[in-house]
$ cat input_4.pdb   # PDB, C-alpha atoms (C1' of nucleotides)
ATOM      1  CA  MET Q   1      36.324 -14.080   8.843
ATOM      2  CA  PHE Q   2      36.735 -17.642   9.963
ATOM      3  CA  ILE Q   3      35.441 -19.967   7.286
ATOM      4  CA  GLU Q   4      34.847 -23.644   7.922
ATOM      5  CA  ILE Q   5      34.187 -25.863   4.947
ATOM      6  CA  GLN Q   6      32.803 -29.363   5.335
ATOM      7  CA  THR Q   7      34.042 -31.376   2.378
ATOM      8  CA  ASN Q   8      31.636 -34.251   2.998
ATOM      9  CA  SER Q   9      28.559 -32.028   3.094
ATOM     10  CA  SER Q  10      25.865 -32.279   0.426
ATOM     11  CA  VAL Q  11      26.046 -28.485   0.203
ATOM     12  CA  PRO Q  12      28.556 -27.510  -2.522
ATOM     13  CA  ILE Q  13      31.632 -25.833  -1.091
ATOM     14  CA  TYR Q  14      31.134 -22.669  -3.168
ATOM     15  CA  LEU Q  15      27.697 -22.359  -1.525
ATOM     16  CA  GLN Q  16      29.043 -23.043   1.947
ATOM     17  CA  LEU Q  17      31.547 -20.254   1.414
ATOM     18  CA  ALA Q  18      28.879 -17.860   0.127
ATOM     19  CA  GLN Q  19      26.562 -18.706   3.037
ATOM     20  CA  GLN Q  20      29.268 -18.090   5.599
ATOM     21  CA  LEU Q  21      30.104 -14.755   4.012
ATOM     22  CA  ILE Q  22      26.395 -13.921   4.198
ATOM     23  CA  GLU Q  23      26.511 -14.731   7.908
ATOM     24  CA  GLY Q  24      29.526 -12.463   8.233
ATOM     25  CA  ILE Q  25      27.512  -9.637   6.678
ATOM     26  CA  ALA Q  26      24.466 -10.414   8.828
ATOM     27  CA  ARG Q  27      26.650 -10.396  11.932
ATOM     28  CA  GLY Q  28      28.127  -7.018  10.959
ATOM     29  CA  GLU Q  29      31.634  -8.430  10.824
ATOM     30  CA  LEU Q  30      31.693  -7.555   7.148
ATOM     31  CA  LYS Q  31      30.607  -3.951   6.671
ATOM     32  CA  PRO Q  32      29.755  -1.957   3.547
ATOM     33  CA  GLY Q  33      32.944  -1.094   1.691
ATOM     34  CA  ASP Q  34      35.015  -3.808   3.371
ATOM     35  CA  SER Q  35      37.177  -5.646   0.905
ATOM     36  CA  LEU Q  36      37.197  -9.407   0.567
ATOM     37  CA  PRO Q  37      40.319 -11.446  -0.188
ATOM     38  CA  SER Q  38      41.335 -11.894  -3.816
ATOM     39  CA  VAL Q  39      40.040 -15.094  -5.380
ATOM     40  CA  ARG Q  40      43.577 -16.470  -5.466
ATOM     41  CA  ALA Q  41      44.503 -15.580  -1.897
ATOM     42  CA  PHE Q  42      41.168 -16.807  -0.514
ATOM     43  CA  ALA Q  43      41.391 -20.039  -2.471
ATOM     44  CA  ALA Q  44      44.919 -20.702  -1.207
ATOM     45  CA  ASP Q  45      43.808 -19.865   2.339
ATOM     46  CA  LEU Q  46      40.818 -22.220   2.180
ATOM     47  CA  GLY Q  47      42.585 -24.933   0.229
ATOM     48  CA  MET Q  48      40.196 -24.747  -2.693
ATOM     49  CA  ASN Q  49      40.333 -23.691  -6.299
ATOM     50  CA  MET Q  50      40.342 -20.077  -7.499
ATOM     51  CA  HIS Q  51      37.310 -20.766  -9.686
ATOM     52  CA  THR Q  52      35.332 -22.064  -6.730
ATOM     53  CA  VAL Q  53      35.881 -18.847  -4.764
ATOM     54  CA  ASN Q  54      35.037 -16.920  -7.923
ATOM     55  CA  LYS Q  55      31.755 -18.821  -8.171
ATOM     56  CA  ALA Q  56      30.879 -17.945  -4.574
ATOM     57  CA  TYR Q  57      31.643 -14.279  -5.276
ATOM     58  CA  HIS Q  58      29.443 -14.219  -8.367
ATOM     59  CA  TYR Q  59      26.648 -15.902  -6.415
ATOM     60  CA  LEU Q  60      26.845 -13.045  -3.902
ATOM     61  CA  GLU Q  61      27.130 -10.438  -6.632
ATOM     62  CA  GLU Q  62      23.915 -11.716  -8.228
ATOM     63  CA  LYS Q  63      22.198 -11.074  -4.913
ATOM     64  CA  GLU Q  64      23.821  -7.627  -4.873
ATOM     65  CA  PHE Q  65      25.476  -8.345  -1.519
ATOM     66  CA  ILE Q  66      28.929  -7.553  -2.896
ATOM     67  CA  GLN Q  67      30.483  -5.628  -5.755
ATOM     68  CA  ILE Q  68      33.106  -7.190  -7.977
ATOM     69  CA  VAL Q  69      35.368  -4.561  -9.511
ATOM     70  CA  ALA Q  70      37.208  -6.155 -12.397
ATOM     71  CA  LYS Q  71      40.988  -6.182 -12.074
ATOM     72  CA  SER Q  72      40.732  -4.440  -8.732
ATOM     73  CA  GLY Q  73      38.976  -6.441  -6.076
ATOM     74  CA  VAL Q  74      35.786  -7.395  -4.284
ATOM     75  CA  ILE Q  75      33.994  -5.298  -1.691
ATOM     76  CA  ILE Q  76      30.866  -5.559   0.402
ATOM     77  CA  GLN Q  77      28.090  -3.483  -1.187
ATOM     78  CA  PRO Q  78      29.459   0.006  -0.368
ATOM     79  CA  ASN Q  79      26.161   1.871  -0.102
ATOM     80  CA  GLY Q  80      24.727  -0.753   2.193
ATOM     81  CA  ILE Q  81      22.330  -3.503   1.223
ATOM     82  CA  PRO Q  82      18.783  -2.203   0.748
ATOM     83  CA  LYS Q  83      15.859  -3.722   2.605
ATOM     84  CA  ALA Q  84      14.244  -6.724   0.920
ATOM     85  CA  THR Q  85      11.697  -5.883  -1.740
ATOM     86  CA  ALA Q  86       8.331  -7.628  -1.619
ATOM     87  CA  GLU Q  87       9.573  -9.912  -4.360
ATOM     88  CA  GLU Q  88      12.765 -10.836  -2.516
ATOM     89  CA  LYS Q  89      10.726 -11.523   0.609
ATOM     90  CA  GLN Q  90       8.422 -13.744  -1.417
ATOM     91  CA  LEU Q  91      11.351 -15.667  -2.895
ATOM     92  CA  LEU Q  92      12.849 -16.173   0.553
ATOM     93  CA  ALA Q  93       9.525 -17.465   1.857
ATOM     94  CA  GLU Q  94       9.322 -19.941  -1.020
ATOM     95  CA  ARG Q  95      12.726 -21.312  -0.074
ATOM     96  CA  ILE Q  96      11.820 -21.614   3.604
ATOM     97  CA  ARG Q  97       8.437 -23.195   2.871
ATOM     98  CA  PRO Q  98       9.541 -26.809   2.300
ATOM     99  CA  LEU Q  99      11.523 -26.706   5.546
ATOM    100  CA  VAL Q 100       8.542 -25.445   7.521
ATOM    101  CA  ALA Q 101       6.417 -28.171   5.922
ATOM    102  CA  GLU Q 102       8.966 -30.752   7.015
ATOM    103  CA  GLY Q 103       8.840 -29.323  10.516
ATOM    104  CA  LEU Q 104       5.070 -29.729  10.552
ATOM    105  CA  VAL Q 105       5.347 -33.341   9.405
ATOM    106  CA  LEU Q 106       7.769 -33.862  12.300
ATOM    107  CA  LYS Q 107       4.981 -32.539  14.524
ATOM    108  CA  LEU Q 108       6.758 -29.336  15.478
ATOM    109  CA  SER Q 109       4.280 -26.675  16.565
ATOM    110  CA  GLU Q 110       4.158 -23.194  15.044
ATOM    111  CA  GLU Q 111       5.619 -21.876  18.303
ATOM    112  CA  GLU Q 112       8.483 -24.355  18.241
ATOM    113  CA  MET Q 113       9.411 -23.259  14.734
ATOM    114  CA  VAL Q 114       9.068 -19.612  15.656
ATOM    115  CA  ASP Q 115      11.406 -20.236  18.591
ATOM    116  CA  MET Q 116      13.789 -22.012  16.250
ATOM    117  CA  VAL Q 117      13.930 -18.915  14.033
ATOM    118  CA  ARG Q 118      14.388 -16.615  17.033
ATOM    119  CA  GLU Q 119      17.284 -18.743  18.274
ATOM    120  CA  LEU Q 120      18.837 -18.807  14.811
ATOM    121  CA  VAL Q 121      18.696 -15.011  14.645
ATOM    122  CA  GLN Q 122      20.528 -14.794  17.960
ATOM    123  CA  HIS Q 123      23.107 -17.411  17.007
ATOM    124  CA  ILE Q 124      23.820 -15.705  13.700
ATOM    125  CA  LYS Q 125      24.160 -12.288  15.339
ATOM    126  CA  GLU Q 126      26.452 -13.735  18.016
ATOM    127  CA  GLY Q 127      28.402 -15.804  15.518
ATOM    128  CA  THR Q 128      27.763 -18.984  17.511
ATOM    129  CA  SER Q 129      26.749 -22.372  16.222
TER     130      SER Q 129
ATOM    131  CA  MET X 130      -2.945 -34.780  -4.448
ATOM    132  CA  PHE X 131      -2.410 -32.035  -6.955
ATOM    133  CA  ILE X 132       1.235 -31.868  -7.911
ATOM    134  CA  GLU X 133       2.700 -28.987  -9.852
ATOM    135  CA  ILE X 134       6.196 -29.367 -11.216
ATOM    136  CA  GLN X 135       8.174 -26.414 -12.501
ATOM    137  CA  THR X 136      10.570 -27.728 -15.108
ATOM    138  CA  ASN X 137      12.637 -24.546 -15.188
ATOM    139  CA  SER X 138      13.208 -24.466 -11.436
ATOM    140  CA  SER X 139      16.673 -24.947  -9.979
ATOM    141  CA  VAL X 140      15.073 -27.434  -7.592
ATOM    142  CA  PRO X 141      15.320 -30.933  -9.102
ATOM    143  CA  ILE X 142      11.923 -32.329 -10.044
ATOM    144  CA  TYR X 143      12.311 -35.403  -7.823
ATOM    145  CA  LEU X 144      12.770 -32.991  -4.901
ATOM    146  CA  GLN X 145       9.826 -30.832  -5.929
ATOM    147  CA  LEU X 146       7.684 -33.945  -5.951
ATOM    148  CA  ALA X 147       8.951 -35.079  -2.549
ATOM    149  CA  GLN X 148       8.410 -31.605  -1.074
ATOM    150  CA  GLN X 149       4.844 -31.435  -2.334
ATOM    151  CA  LEU X 150       4.120 -34.859  -0.904
ATOM    152  CA  ILE X 151       5.540 -33.613   2.405
ATOM    153  CA  GLU X 152       3.127 -30.682   2.221
ATOM    154  CA  GLY X 153       0.326 -33.152   1.582
ATOM    155  CA  ILE X 154       1.272 -35.007   4.756
ATOM    156  CA  ALA X 155       1.632 -31.763   6.731
ATOM    157  CA  ARG X 156      -1.777 -30.640   5.505
ATOM    158  CA  GLY X 157      -3.339 -33.966   6.566
ATOM    159  CA  GLU X 158      -4.453 -34.730   3.045
ATOM    160  CA  LEU X 159      -2.167 -37.750   3.143
ATOM    161  CA  LYS X 160      -2.833 -39.740   6.302
ATOM    162  CA  PRO X 161      -0.958 -42.666   7.888
ATOM    163  CA  GLY X 162      -1.648 -45.830   5.910
ATOM    164  CA  ASP X 163      -2.777 -43.992   2.776
ATOM    165  CA  SER X 164      -1.293 -45.496  -0.342
ATOM    166  CA  LEU X 165       0.593 -43.473  -2.932
ATOM    167  CA  PRO X 166       0.399 -44.119  -6.684
ATOM    168  CA  SER X 167       2.740 -46.704  -8.155
ATOM    169  CA  VAL X 168       5.949 -45.297  -9.536
ATOM    170  CA  ARG X 169       4.774 -46.058 -13.082
ATOM    171  CA  ALA X 170       1.289 -44.607 -12.707
ATOM    172  CA  PHE X 171       2.556 -41.492 -10.931
ATOM    173  CA  ALA X 172       5.280 -40.970 -13.503
ATOM    174  CA  ALA X 173       2.815 -41.263 -16.363
ATOM    175  CA  ASP X 174       0.441 -38.905 -14.553
ATOM    176  CA  LEU X 175       3.134 -36.284 -13.964
ATOM    177  CA  GLY X 176       4.838 -36.735 -17.313
ATOM    178  CA  MET X 177       8.110 -37.762 -15.811
ATOM    179  CA  ASN X 178      10.224 -40.888 -15.627
ATOM    180  CA  MET X 179       9.520 -43.855 -13.372
ATOM    181  CA  HIS X 180      12.990 -43.579 -11.829
ATOM    182  CA  THR X 181      12.428 -39.959 -10.919
ATOM    183  CA  VAL X 182       9.297 -40.814  -8.925
ATOM    184  CA  ASN X 183      11.216 -43.717  -7.403
ATOM    185  CA  LYS X 184      13.942 -41.323  -6.313
ATOM    186  CA  ALA X 185      11.384 -39.050  -4.639
ATOM    187  CA  TYR X 186       9.894 -42.047  -2.832
ATOM    188  CA  HIS X 187      13.276 -43.199  -1.545
ATOM    189  CA  TYR X 188      14.048 -39.666  -0.387
ATOM    190  CA  LEU X 189      10.846 -39.763   1.687
ATOM    191  CA  GLU X 190      11.551 -43.294   2.897
ATOM    192  CA  GLU X 191      14.951 -42.183   4.198
ATOM    193  CA  LYS X 192      13.150 -39.593   6.290
ATOM    194  CA  GLU X 193      10.750 -42.351   7.421
ATOM    195  CA  PHE X 194       7.762 -40.387   6.132
ATOM    196  CA  ILE X 195       6.613 -43.291   3.967
ATOM    197  CA  GLN X 196       7.059 -47.046   3.770
ATOM    198  CA  ILE X 197       8.017 -48.749   0.532
ATOM    199  CA  VAL X 198       6.807 -52.334   0.445
ATOM    200  CA  ALA X 199       8.694 -54.101  -2.309
ATOM    201  CA  LYS X 200       6.503 -55.518  -5.062
ATOM    202  CA  SER X 201       3.414 -54.246  -3.330
ATOM    203  CA  GLY X 202       3.225 -50.487  -3.043
ATOM    204  CA  VAL X 203       3.990 -47.321  -1.140
ATOM    205  CA  ILE X 204       2.117 -46.054   1.913
ATOM    206  CA  ILE X 205       2.325 -43.120   4.275
ATOM    207  CA  GLN X 206       4.022 -44.211   7.525
ATOM    208  CA  PRO X 207       1.178 -46.342   8.954
ATOM    209  CA  ASN X 208       1.895 -45.826  12.647
ATOM    210  CA  GLY X 209       2.118 -42.089  12.228
ATOM    211  CA  ILE X 210       5.283 -40.050  12.018
ATOM    212  CA  PRO X 211       6.925 -39.579  15.418
ATOM    213  CA  LYS X 212       7.752 -36.153  16.761
ATOM    214  CA  ALA X 213      11.145 -34.793  15.733
ATOM    215  CA  THR X 214      14.051 -35.965  17.834
ATOM    216  CA  ALA X 215      16.487 -33.369  19.150
ATOM    217  CA  GLU X 216      18.846 -34.386  16.367
ATOM    218  CA  GLU X 217      16.221 -33.992  13.645
ATOM    219  CA  LYS X 218      15.328 -30.579  15.040
ATOM    220  CA  GLN X 219      18.984 -29.614  14.991
ATOM    221  CA  LEU X 220      19.379 -30.742  11.379
ATOM    222  CA  LEU X 221      16.290 -28.789  10.357
ATOM    223  CA  ALA X 222      17.640 -25.676  12.081
ATOM    224  CA  GLU X 223      20.929 -26.046  10.216
ATOM    225  CA  ARG X 224      19.058 -26.081   6.931
ATOM    226  CA  ILE X 225      16.978 -23.035   7.823
ATOM    227  CA  ARG X 226      19.983 -21.103   9.156
ATOM    228  CA  PRO X 227      21.400 -19.817   5.833
ATOM    229  CA  LEU X 228      17.943 -18.561   4.856
ATOM    230  CA  VAL X 229      17.518 -16.684   8.113
ATOM    231  CA  ALA X 230      20.984 -15.204   7.635
ATOM    232  CA  GLU X 231      19.977 -14.039   4.166
ATOM    233  CA  GLY X 232      16.865 -12.483   5.641
ATOM    234  CA  LEU X 233      18.993 -10.573   8.141
ATOM    235  CA  VAL X 234      21.262  -9.294   5.364
ATOM    236  CA  LEU X 235      18.114  -8.111   3.597
ATOM    237  CA  LYS X 236      17.369  -6.188   6.778
ATOM    238  CA  LEU X 237      14.343  -8.229   7.761
ATOM    239  CA  SER X 238      13.693  -8.009  11.497
ATOM    240  CA  GLU X 239      13.327 -11.043  13.739
ATOM    241  CA  GLU X 240       9.610 -10.286  13.939
ATOM    242  CA  GLU X 241       9.244 -10.111  10.169
ATOM    243  CA  MET X 242      10.838 -13.516   9.808
ATOM    244  CA  VAL X 243       8.742 -14.923  12.626
ATOM    245  CA  ASP X 244       5.648 -13.596  10.871
ATOM    246  CA  MET X 245       6.879 -15.166   7.639
ATOM    247  CA  VAL X 246       7.069 -18.564   9.345
ATOM    248  CA  ARG X 247       3.625 -18.114  10.915
ATOM    249  CA  GLU X 248       2.140 -17.282   7.525
ATOM    250  CA  LEU X 249       3.894 -20.241   5.929
ATOM    251  CA  VAL X 250       2.424 -22.567   8.552
ATOM    252  CA  GLN X 251      -1.058 -21.254   7.757
ATOM    253  CA  HIS X 252      -0.547 -21.470   4.003
ATOM    254  CA  ILE X 253       0.731 -25.031   4.232
ATOM    255  CA  LYS X 254      -2.151 -26.117   6.458
ATOM    256  CA  GLU X 255      -4.659 -24.457   4.141
ATOM    257  CA  GLY X 256      -2.942 -25.740   1.034
ATOM    258  CA  THR X 257      -2.664 -22.239  -0.412
ATOM    259  CA  SER X 258       0.292 -20.621  -2.114
TER     260      SER X 258
ATOM    261  C1'  DG A 259      57.653   3.180 -14.957
ATOM    262  C1'  DT A 260      58.153  -1.380 -13.953
ATOM    263  C1'  DT A 261      56.366  -5.189 -11.205
ATOM    264  C1'  DT A 262      52.796  -7.313  -8.944
ATOM    265  C1'  DT A 263      48.135  -8.181  -8.220
ATOM    266  C1'  DT A 264      43.617  -8.436  -9.852
ATOM    267  C1'  DG A 265      39.339 -10.367 -11.951
ATOM    268  C1'  DC A 266      38.348 -12.453 -16.317
ATOM    269  C1'  DT A 267      38.493 -15.776 -19.953
ATOM    270  C1'  DC A 268      39.592 -20.007 -22.193
ATOM    271  C1'  DT A 269      40.542 -24.812 -22.460
ATOM    272  C1'  DA A 270      40.608 -29.227 -20.313
ATOM    273  C1'  DT A 271      39.436 -32.816 -17.274
ATOM    274  C1'  DA A 272      36.843 -35.488 -13.873
ATOM    275  C1'  DA A 273      33.297 -36.820 -10.780
ATOM    276  C1'  DA A 274      28.700 -36.499  -9.201
ATOM    277  C1'  DA A 275      23.859 -35.390  -9.720
ATOM    278  C1'  DT A 276      19.855 -35.265 -12.480
ATOM    279  C1'  DA A 277      16.750 -37.260 -15.833
ATOM    280  C1'  DT A 278      15.276 -40.275 -19.313
ATOM    281  C1'  DA A 279      14.744 -44.852 -21.734
ATOM    282  C1'  DT A 280      14.260 -49.737 -21.950
ATOM    283  C1'  DA A 281      14.310 -54.267 -20.267
ATOM    284  C1'  DA A 282      13.901 -57.987 -17.221
ATOM    285  C1'  DC A 283      12.971 -60.196 -12.447
ATOM    286  C1'  DA A 284      10.332 -62.011  -8.893
ATOM    287  C1'  DA A 285       6.910 -61.443  -5.621
ATOM    288  C1'  DA A 286       2.445 -59.587  -4.467
ATOM    289  C1'  DT A 287      -2.109 -58.687  -6.093
ATOM    290  C1'  DG A 288      -6.402 -59.244  -8.626
TER     291       DG A 288
ATOM    292  C1'  DC S 289      -3.025 -67.095 -14.547
ATOM    293  C1'  DA S 290      -2.315 -62.371 -15.859
ATOM    294  C1'  DT S 291      -1.304 -57.997 -14.059
ATOM    295  C1'  DT S 292       0.911 -54.891 -11.112
ATOM    296  C1'  DT S 293       4.512 -53.872  -8.095
ATOM    297  C1'  DG S 294       9.100 -52.168  -6.594
ATOM    298  C1'  DT S 295      13.795 -53.465  -7.875
ATOM    299  C1'  DT S 296      17.749 -53.924 -10.588
ATOM    300  C1'  DA S 297      20.658 -53.373 -14.555
ATOM    301  C1'  DT S 298      22.402 -51.068 -18.599
ATOM    302  C1'  DA S 299      22.727 -47.086 -21.389
ATOM    303  C1'  DT S 300      22.713 -42.313 -22.599
ATOM    304  C1'  DA S 301      22.662 -37.246 -22.082
ATOM    305  C1'  DT S 302      22.846 -32.964 -19.702
ATOM    306  C1'  DT S 303      24.010 -30.083 -15.942
ATOM    307  C1'  DT S 304      26.494 -29.013 -11.842
ATOM    308  C1'  DT S 305      30.452 -29.077  -9.152
ATOM    309  C1'  DA S 306      35.414 -28.811  -8.671
ATOM    310  C1'  DT S 307      40.006 -28.670 -10.085
ATOM    311  C1'  DA S 308      44.080 -27.259 -13.106
ATOM    312  C1'  DG S 309      46.778 -24.237 -15.811
ATOM    313  C1'  DA S 310      47.519 -20.565 -18.858
ATOM    314  C1'  DG S 311      47.153 -16.020 -20.610
ATOM    315  C1'  DC S 312      45.077 -11.083 -20.814
ATOM    316  C1'  DA S 313      44.716  -6.443 -19.687
ATOM    317  C1'  DA S 314      43.845  -3.102 -16.361
ATOM    318  C1'  DA S 315      44.433  -1.600 -11.612
ATOM    319  C1'  DA S 316      47.409  -1.167  -7.743
ATOM    320  C1'  DA S 317      51.782  -1.184  -5.465
ATOM    321  C1'  DC S 318      56.499  -0.271  -5.407
TER     322       DC S 318
END

$ encode --input "input_4.pdb" --output "structure tokens"
Amino acid sequence: MFIEIQTNSSVPIYLQLAQQLIEGIARGELKPGDSLPSVRAFAADLGMNMHTVNKAYHYLEEKEFIQIVAKSGVIIQPNGIPKATAEEKQLLAERIRPLVAEGLVLKLSEEEMVDMVRELVQHIKEGTS
Amino acid sequence: MFIEIQTNSSVPIYLQLAQQLIEGIARGELKPGDSLPSVRAFAADLGMNMHTVNKAYHYLEEKEFIQIVAKSGVIIQPNGIPKATAEEKQLLAERIRPLVAEGLVLKLSEEEMVDMVRELVQHIKEGTS
DNA sequence: GTTTTTGCTCTATAAAATATATAACAAATG
DNA sequence: CATTTGTTATATATTTTATAGAGCAAAAAC
């Protein structure tokens, strides 16, 4: 997993890390049962603090994307990540909503935003920017 | 404009306010040249601080969605809001990207996410939840 | 079986973001 | 002229973010 952190971003670095791990899972580069680096090793690798990596891991654990096994290590959800429940879908929609609204204010058409999503899906699956 | 602020949300209340004003613009309820309440009146109305409303206004001004006329008042961009530049579109896509990635991890198909966006567009235009 | 590694916990510190409160200024508005 | 306006300044408090270092106890590696 290649992780790129932008220190001047308004997105906290623990979140950037979590989001890029999520992309790794979405892309299939991180598969169920795969182990992630220890908080210390990852932190040293990325030039950040142990606690910051730990925070990213717990963020992902809350979403049940990974399992943290105390005093052992961290692995991608071994039984696979179940399909979104109606509630999870609803929560995701609520987070996308303000961005779609902003798109509308910027006079983007429904089709343009749909295309944007389609392109994002491809870019994420390909691992391209 | 009916504004509903959730005090227990992880989204800061100044941002919630700004986002709901954006929806008002997207919906056409707030038209170019329309004036917004004064920071004091709005704050009193919403039960929040003057500076918090001010922060929401400046957030919207930075996006050029509104104009703040010092010592006079605040109006929706009078000449209309121009269509998104390529750069603005790119920035919007970057903000949507982590949400699409999360959708993919939750095994939502491209079509399901496209449908989600289509529904959001309709809900925003109708002013429904 | 000892050493190393592991996530966890605790304490501490610092900066930034969020939110409120109060006051005063100077220009625009009524 | 009095009121309203956004602006600015000071002050305070809480939460979030990020780092630092130390120690614990169990798992893993040797």

$ residues_around --input "input_4.pdb" --residues "range 145-156 of chain X" --least-positions-apart "2" --cutoff "6 Å" --atoms "only C-alpha atoms (C1' of nucleotides)" --output "compact mmCIF listing (two decimals) with C-alpha atoms, in the frame of the given file"
# COMPACT_ATOMS: atom_id res chain seq x y z
CA PRO Q 98 9.54 -26.81 2.30
CA ALA Q 101 6.42 -28.17 5.92
CA LEU Q 104 5.07 -29.73 10.55
CA VAL Q 105 5.35 -33.34 9.40
CA ILE X 142 11.92 -32.33 -10.04
CA TYR X 143 12.31 -35.40 -7.82
CA GLU X 158 -4.45 -34.73 3.04
CA LEU X 159 -2.17 -37.75 3.14
CA ALA X 185 11.38 -39.05 -4.64
CA LYS X 254 -2.15 -26.12 6.46

$ calpha_fit_and_write --input "input_4.pdb" --fixed "chain Q" --moving "chain X" --output "compact mmCIF listing (two decimals) with C-alpha atoms, keeping the file's coordinate frame"
# COMPACT_ATOMS: atom_id res chain seq x y z
CA MET X 130 36.36 -14.08 8.80
CA PHE X 131 36.71 -17.63 9.95
CA ILE X 132 35.44 -19.97 7.29
CA GLU X 133 34.83 -23.64 7.92
CA ILE X 134 34.17 -25.86 4.94
CA GLN X 135 32.78 -29.36 5.32
CA THR X 136 34.01 -31.37 2.38
CA ASN X 137 31.60 -34.24 2.99
CA SER X 138 28.52 -32.02 3.08
CA SER X 139 25.85 -32.27 0.40
CA VAL X 140 26.03 -28.48 0.19
CA PRO X 141 28.54 -27.51 -2.53
CA ILE X 142 31.61 -25.82 -1.09
CA TYR X 143 31.13 -22.66 -3.17
CA LEU X 144 27.70 -22.35 -1.54
CA GLN X 145 29.04 -23.03 1.94
CA LEU X 146 31.54 -20.25 1.41
CA ALA X 147 28.89 -17.84 0.13
CA GLN X 148 26.57 -18.69 3.04
CA GLN X 149 29.28 -18.08 5.61
CA LEU X 150 30.11 -14.75 4.01
CA ILE X 151 26.40 -13.90 4.21
CA GLU X 152 26.51 -14.72 7.92
CA GLY X 153 29.53 -12.44 8.23
CA ILE X 154 27.52 -9.62 6.67
CA ALA X 155 24.47 -10.39 8.83
CA ARG X 156 26.65 -10.39 11.93
CA GLY X 157 28.15 -7.00 10.96
CA GLU X 158 31.64 -8.42 10.84
CA LEU X 159 31.70 -7.55 7.15
CA LYS X 160 30.60 -3.95 6.68
CA PRO X 161 29.74 -1.96 3.54
CA GLY X 162 32.94 -1.09 1.68
CA ASP X 163 35.02 -3.80 3.36
CA SER X 164 37.18 -5.64 0.89
CA LEU X 165 37.21 -9.41 0.56
CA PRO X 166 40.34 -11.46 -0.18
CA SER X 167 41.32 -11.93 -3.81
CA VAL X 168 40.04 -15.10 -5.38
CA ARG X 169 43.58 -16.51 -5.45
CA ALA X 170 44.49 -15.60 -1.89
CA PHE X 171 41.17 -16.82 -0.51
CA ALA X 172 41.40 -20.06 -2.46
CA ALA X 173 44.91 -20.72 -1.20
CA ASP X 174 43.79 -19.87 2.34
CA LEU X 175 40.81 -22.23 2.20
CA GLY X 176 42.56 -24.95 0.25
CA MET X 177 40.20 -24.77 -2.65
CA ASN X 178 40.33 -23.70 -6.27
CA MET X 179 40.35 -20.11 -7.48
CA HIS X 180 37.29 -20.76 -9.64
CA THR X 181 35.33 -22.07 -6.69
CA VAL X 182 35.88 -18.84 -4.74
CA ASN X 183 35.03 -16.93 -7.91
CA LYS X 184 31.76 -18.83 -8.16
CA ALA X 185 30.88 -17.94 -4.56
CA TYR X 186 31.65 -14.28 -5.27
CA HIS X 187 29.44 -14.21 -8.36
CA TYR X 188 26.65 -15.89 -6.41
CA LEU X 189 26.84 -13.03 -3.89
CA GLU X 190 27.14 -10.42 -6.63
CA GLU X 191 23.92 -11.70 -8.21
CA LYS X 192 22.20 -11.06 -4.90
CA GLU X 193 23.83 -7.60 -4.87
CA PHE X 194 25.48 -8.32 -1.52
CA ILE X 195 28.93 -7.54 -2.89
CA GLN X 196 30.49 -5.62 -5.76
CA ILE X 197 33.10 -7.19 -7.99
CA VAL X 198 35.36 -4.58 -9.53
CA ALA X 199 37.17 -6.20 -12.43
CA LYS X 200 40.95 -6.23 -12.11
CA SER X 201 40.74 -4.48 -8.79
CA GLY X 202 38.98 -6.45 -6.09
CA VAL X 203 35.80 -7.40 -4.29
CA ILE X 204 33.99 -5.29 -1.70
CA ILE X 205 30.87 -5.55 0.40
CA GLN X 206 28.08 -3.46 -1.18
CA PRO X 207 29.46 0.02 -0.36
CA ASN X 208 26.15 1.87 -0.10
CA GLY X 209 24.71 -0.74 2.20
CA ILE X 210 22.32 -3.49 1.23
CA PRO X 211 18.76 -2.21 0.75
CA LYS X 212 15.85 -3.72 2.61
CA ALA X 213 14.23 -6.71 0.92
CA THR X 214 11.69 -5.88 -1.74
CA ALA X 215 8.32 -7.62 -1.62
CA GLU X 216 9.57 -9.91 -4.36
CA GLU X 217 12.76 -10.82 -2.50
CA LYS X 218 10.71 -11.53 0.61
CA GLN X 219 8.42 -13.75 -1.42
CA LEU X 220 11.35 -15.67 -2.90
CA LEU X 221 12.85 -16.17 0.55
CA ALA X 222 9.52 -17.46 1.86
CA GLU X 223 9.33 -19.94 -1.02
CA ARG X 224 12.73 -21.30 -0.07
CA ILE X 225 11.83 -21.61 3.60
CA ARG X 226 8.44 -23.19 2.86
CA PRO X 227 9.57 -26.81 2.29
CA LEU X 228 11.54 -26.70 5.54
CA VAL X 229 8.56 -25.45 7.51
CA ALA X 230 6.45 -28.18 5.91
CA GLU X 231 9.00 -30.76 7.01
CA GLY X 232 8.87 -29.33 10.51
CA LEU X 233 5.09 -29.73 10.54
CA VAL X 234 5.38 -33.35 9.40
CA LEU X 235 7.80 -33.87 12.29
CA LYS X 236 5.02 -32.55 14.51
CA LEU X 237 6.77 -29.35 15.47
CA SER X 238 4.28 -26.69 16.54
CA GLU X 239 4.16 -23.21 15.04
CA GLU X 240 5.63 -21.90 18.29
CA GLU X 241 8.50 -24.37 18.22
CA MET X 242 9.42 -23.27 14.72
CA VAL X 243 9.07 -19.62 15.65
CA ASP X 244 11.39 -20.24 18.59
CA MET X 245 13.80 -22.01 16.25
CA VAL X 246 13.94 -18.91 14.03
CA ARG X 247 14.39 -16.62 17.04
CA GLU X 248 17.28 -18.74 18.28
CA LEU X 249 18.83 -18.81 14.82
CA VAL X 250 18.70 -15.01 14.64
CA GLN X 251 20.52 -14.80 17.98
CA HIS X 252 23.10 -17.42 17.01
CA ILE X 253 23.82 -15.69 13.71
CA LYS X 254 24.17 -12.29 15.35
CA GLU X 255 26.45 -13.73 18.02
CA GLY X 256 28.39 -15.80 15.53
CA THR X 257 27.77 -18.99 17.51
CA SER X 258 26.76 -22.40 16.23

$ interface_residues --input "input_4.pdb" --of "chain Q" --to "chain S" --cutoff "7 Å" --atoms "only C-alpha atoms (C1' of nucleotides)" --output "NGL selection string"
:Q and (49 or 71-72)
